[in-house]
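Note sheet for the following structure.
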Amino acid sequence: MAEERETLMKTVQYSMPRATKNKVEAIVFKTLQEKKHLEEMDIPDPELTLRPDTTKTLRVTKTKKYYHNGKWEFNPIEKEESWSCCMNAEKNSEGCVAVKCDKSKWILSSYT
Ligand SMILES: [Zn+2]
């Protein structure tokens, strides 16, 4: 750390030859603080991240349902039947509109 500080002092002094010793020290201090702060941010411990792993504690109950919001009808351009919303010619296709269903979501409307 002390060595790093020395090197940094020389670098700053070299790039700013007219700066006073106080100013150089201040810049070095600030640079080292920022570096230290960045190192602290980069902690590999997964428990200390801002995005903790919730897969163990939260059960994913979200499912997706798909449907077509258009009509299954005869398309005169393609000369075949297709969904009017996405032109999908497969009647049993999954659907172009996805709806998220969250079974664990609290339904609060009945409590009003
Ligand atoms: Zn569709």
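Residue names in the structure tokens use chain letters A, B, ... in the order shown, residue numbers from 1 in each chain, and ligand numbers from 1 in the order shown.
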
Practice item. Using only C-alpha atoms and all ligand atoms, find each protein or nucleic acid residue lying at most 9 Å from ligand 1; present the set as a list in words. Key: Tyr67, His68, Asn69, Gly70, Lys71, Trp72, Ser82, Trp83, Ser84, Cys85, Cys86, Met87, Asn88, Ser93, Glu94, Gly95, Cys96 and Val97 of chain A

Point to revise | Within 10 Å of Lys100 of chain A using only C-alpha atoms, minus same-chain residues under 6 positions, as a PyMOL selection string | key: chain A and resi 62-66

Name the residues in contact with segment 23-39 of chain A at a cut-off of 12 Å, using only C-alpha atoms, excluding same-chain residues fewer than 4 positions from it; report them as a PDB file with N, CA and C atoms, in the first residue's frame.
ATOM      1  N   MET A   1       0.833  -1.219   0.000  1.00  0.00           N
ATOM      2  CA  MET A   1       0.000   0.000   0.000  1.00  0.00           C
ATOM      3  C   MET A   1       0.861   1.260   0.000  1.00  0.00           C
ATOM      4  N   ALA A   2       1.897   1.242   0.844  1.00  0.00           N
ATOM      5  CA  ALA A   2       2.789   2.405   0.915  1.00  0.00           C
ATOM      6  C   ALA A   2       3.539   2.591  -0.400  1.00  0.00           C
ATOM      7  N   GLU A   3       3.951   1.465  -0.968  1.00  0.00           N
ATOM      8  CA  GLU A   3       4.667   1.495  -2.240  1.00  0.00           C
ATOM      9  C   GLU A   3       3.771   2.042  -3.341  1.00  0.00           C
ATOM     10  N   GLU A   4       2.534   1.574  -3.311  1.00  0.00           N
ATOM     11  CA  GLU A   4       1.560   2.007  -4.303  1.00  0.00           C
ATOM     12  C   GLU A   4       1.363   3.518  -4.207  1.00  0.00           C
ATOM     13  N   ARG A   5       1.348   3.994  -2.961  1.00  0.00           N
ATOM     14  CA  ARG A   5       1.152   5.414  -2.703  1.00  0.00           C
ATOM     15  C   ARG A   5       2.321   6.222  -3.268  1.00  0.00           C
ATOM     16  N   GLU A   6       3.538   5.704  -3.036  1.00  0.00           N
ATOM     17  CA  GLU A   6       4.751   6.358  -3.553  1.00  0.00           C
ATOM     18  C   GLU A   6       4.692   6.496  -5.069  1.00  0.00           C
ATOM     19  N   THR A   7       4.365   5.379  -5.724  1.00  0.00           N
ATOM     20  CA  THR A   7       4.300   5.358  -7.187  1.00  0.00           C
ATOM     21  C   THR A   7       3.272   6.355  -7.686  1.00  0.00           C
ATOM     22  N   LEU A   8       2.143   6.354  -7.003  1.00  0.00           N
ATOM     23  CA  LEU A   8       1.053   7.247  -7.394  1.00  0.00           C
ATOM     24  C   LEU A   8       1.471   8.703  -7.213  1.00  0.00           C
ATOM     25  N   MET A   9       2.177   8.985  -6.100  1.00  0.00           N
ATOM     26  CA  MET A   9       2.671  10.344  -5.827  1.00  0.00           C
ATOM     27  C   MET A   9       3.556  10.823  -6.963  1.00  0.00           C
ATOM     28  N   LYS A  10       4.458   9.934  -7.399  1.00  0.00           N
ATOM     29  CA  LYS A  10       5.391  10.293  -8.470  1.00  0.00           C
ATOM     30  C   LYS A  10       4.641  10.541  -9.771  1.00  0.00           C
ATOM     31  N   THR A  11       3.653   9.667 -10.034  1.00  0.00           N
ATOM     32  CA  THR A  11       2.881   9.803 -11.272  1.00  0.00           C
ATOM     33  C   THR A  11       2.135  11.129 -11.294  1.00  0.00           C
ATOM     34  N   VAL A  12       1.485  11.438 -10.177  1.00  0.00           N
ATOM     35  CA  VAL A  12       0.707  12.679 -10.106  1.00  0.00           C
ATOM     36  C   VAL A  12       1.642  13.881 -10.208  1.00  0.00           C
ATOM     37  N   GLN A  13       2.776  13.813  -9.499  1.00  0.00           N
ATOM     38  CA  GLN A  13       3.745  14.907  -9.532  1.00  0.00           C
ATOM     39  C   GLN A  13       4.289  15.127 -10.933  1.00  0.00           C
ATOM     40  N   TYR A  14       4.483  14.017 -11.640  1.00  0.00           N
ATOM     41  CA  TYR A  14       5.026  14.089 -12.990  1.00  0.00           C
ATOM     42  C   TYR A  14       4.010  14.707 -13.944  1.00  0.00           C
ATOM     43  N   SER A  15       2.739  14.293 -13.791  1.00  0.00           N
ATOM     44  CA  SER A  15       1.707  14.808 -14.705  1.00  0.00           C
ATOM     45  C   SER A  15       1.311  16.238 -14.346  1.00  0.00           C
ATOM     46  N   MET A  16       1.520  16.625 -13.067  1.00  0.00           N
ATOM     47  CA  MET A  16       1.209  18.001 -12.664  1.00  0.00           C
ATOM     48  C   MET A  16       2.404  18.611 -11.938  1.00  0.00           C
ATOM     49  N   PRO A  17       3.413  19.025 -12.704  1.00  0.00           N
ATOM     50  CA  PRO A  17       4.651  19.497 -12.053  1.00  0.00           C
ATOM     51  C   PRO A  17       4.486  20.767 -11.223  1.00  0.00           C
ATOM     52  N   ARG A  18       3.439  21.512 -11.478  1.00  0.00           N
ATOM     53  CA  ARG A  18       3.261  22.771 -10.755  1.00  0.00           C
ATOM     54  C   ARG A  18       2.359  22.629  -9.522  1.00  0.00           C
ATOM     55  N   ALA A  19       1.814  21.431  -9.320  1.00  0.00           N
ATOM     56  CA  ALA A  19       0.923  21.225  -8.177  1.00  0.00           C
ATOM     57  C   ALA A  19       1.724  21.223  -6.875  1.00  0.00           C
ATOM     58  N   ILE A  43     -16.762  -7.609  -3.968  1.00  0.00           N
ATOM     59  CA  ILE A  43     -16.592  -8.724  -3.053  1.00  0.00           C
ATOM     60  C   ILE A  43     -17.239  -9.971  -3.653  1.00  0.00           C
ATOM     61  N   PRO A  44     -16.481 -11.054  -3.738  1.00  0.00           N
ATOM     62  CA  PRO A  44     -17.043 -12.246  -4.380  1.00  0.00           C
ATOM     63  C   PRO A  44     -18.086 -12.993  -3.539  1.00  0.00           C
TER      64      PRO A  44
END

Practice item. Report as a PyMOL selection string: the residues of segment 5-110 of chain A with a DSSP assignment of alpha helix (DSSP H), based on the backbone of this structure. Key: chain A and resi 5-15+21-41

Atoms to include: C-alpha atoms. Write the selected residues as a PDB file, in the first residue's frame.
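Okay, this is what ended up in again-v2.pdb:
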ATOM      1  CA  ARG A   5       1.152   5.414  -2.703  1.00  0.00           C
ATOM      2  CA  GLU A   6       4.751   6.358  -3.553  1.00  0.00           C
ATOM      3  CA  THR A   7       4.300   5.358  -7.187  1.00  0.00           C
ATOM      4  CA  LEU A   8       1.053   7.247  -7.394  1.00  0.00           C
ATOM      5  CA  MET A   9       2.671  10.344  -5.827  1.00  0.00           C
ATOM      6  CA  LYS A  10       5.391  10.293  -8.470  1.00  0.00           C
ATOM      7  CA  THR A  11       2.881   9.803 -11.272  1.00  0.00           C
ATOM      8  CA  VAL A  12       0.707  12.679 -10.106  1.00  0.00           C
ATOM      9  CA  GLN A  13       3.745  14.907  -9.532  1.00  0.00           C
ATOM     10  CA  TYR A  14       5.026  14.089 -12.990  1.00  0.00           C
ATOM     11  CA  SER A  15       1.707  14.808 -14.705  1.00  0.00           C
ATOM     12  CA  LYS A  21       2.650  18.839  -2.286  1.00  0.00           C
ATOM     13  CA  ASN A  22      -0.686  19.221  -0.516  1.00  0.00           C
ATOM     14  CA  LYS A  23      -2.581  18.996  -3.752  1.00  0.00           C
ATOM     15  CA  VAL A  24      -0.640  15.951  -4.924  1.00  0.00           C
ATOM     16  CA  GLU A  25      -1.300  14.257  -1.594  1.00  0.00           C
ATOM     17  CA  ALA A  26      -4.971  15.080  -1.844  1.00  0.00           C
ATOM     18  CA  ILE A  27      -5.214  13.616  -5.321  1.00  0.00           C
ATOM     19  CA  VAL A  28      -3.330  10.501  -4.251  1.00  0.00           C
ATOM     20  CA  PHE A  29      -5.584  10.116  -1.217  1.00  0.00           C
ATOM     21  CA  LYS A  30      -8.710  10.471  -3.315  1.00  0.00           C
ATOM     22  CA  THR A  31      -7.463   8.019  -5.955  1.00  0.00           C
ATOM     23  CA  LEU A  32      -6.570   5.448  -3.326  1.00  0.00           C
ATOM     24  CA  GLN A  33      -9.924   5.881  -1.587  1.00  0.00           C
ATOM     25  CA  GLU A  34     -11.777   5.383  -4.839  1.00  0.00           C
ATOM     26  CA  LYS A  35      -9.711   2.313  -5.625  1.00  0.00           C
ATOM     27  CA  LYS A  36     -10.359   0.909  -2.163  1.00  0.00           C
ATOM     28  CA  HIS A  37     -14.049   1.600  -2.542  1.00  0.00           C
ATOM     29  CA  LEU A  38     -14.138  -0.201  -5.902  1.00  0.00           C
ATOM     30  CA  GLU A  39     -12.333  -3.176  -4.395  1.00  0.00           C
ATOM     31  CA  GLU A  40     -14.876  -3.296  -1.596  1.00  0.00           C
ATOM     32  CA  MET A  41     -17.665  -3.247  -4.148  1.00  0.00           C
TER      33      MET A  41
END

**Study point:** One-decimal distance in Å that lies between atom CA of Thr57 of chain A and atom CA of Leu108 of chain A
**Key:**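 Separating atom CA of Leu108 of chain A from atom CA of Thr57 of chain A is a distance of 22.8 Å.
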
Practice item. Run DSSP on the backbone and grab whatever in chain A lands in strand (DSSP E); send it over as number ranges by chain. Key: A: 62-67, 72-75, 80-83, 97-102

Any chance you can output those residues with C-alpha atoms as an mmCIF file, in the first residue's frame?
data_model
loop_
_atom_site.group_PDB
_atom_site.id
_atom_site.type_symbol
_atom_site.label_atom_id
_atom_site.label_comp_id
_atom_site.auth_asym_id
_atom_site.auth_seq_id
_atom_site.Cartn_x
_atom_site.Cartn_y
_atom_site.Cartn_z
ATOM 1 C CA LYS A 62 -45.035 -17.752 -12.246
ATOM 2 C CA THR A 63 -46.320 -19.385 -15.373
ATOM 3 C CA LYS A 64 -47.026 -17.994 -18.753
ATOM 4 C CA LYS A 65 -50.154 -18.485 -20.731
ATOM 5 C CA TYR A 66 -50.354 -17.768 -24.393
ATOM 6 C CA TYR A 67 -53.307 -16.909 -26.495
ATOM 7 C CA TRP A 72 -59.081 -17.458 -36.508
ATOM 8 C CA GLU A 73 -60.369 -16.551 -39.926
ATOM 9 C CA PHE A 74 -59.878 -16.982 -43.622
ATOM 10 C CA ASN A 75 -57.123 -14.774 -44.933
ATOM 11 C CA GLU A 80 -55.888 -19.995 -46.103
ATOM 12 C CA GLU A 81 -57.162 -19.690 -42.569
ATOM 13 C CA SER A 82 -54.921 -17.964 -40.083
ATOM 14 C CA TRP A 83 -54.950 -15.894 -36.911
ATOM 15 C CA VAL A 97 -49.822 -12.802 -26.613
ATOM 16 C CA ALA A 98 -48.195 -13.943 -23.391
ATOM 17 C CA VAL A 99 -49.915 -13.461 -20.043
ATOM 18 C CA LYS A 100 -47.992 -13.900 -16.845
ATOM 19 C CA CYS A 101 -49.780 -15.781 -14.117
ATOM 20 C CA ASP A 102 -48.291 -15.555 -10.666
#
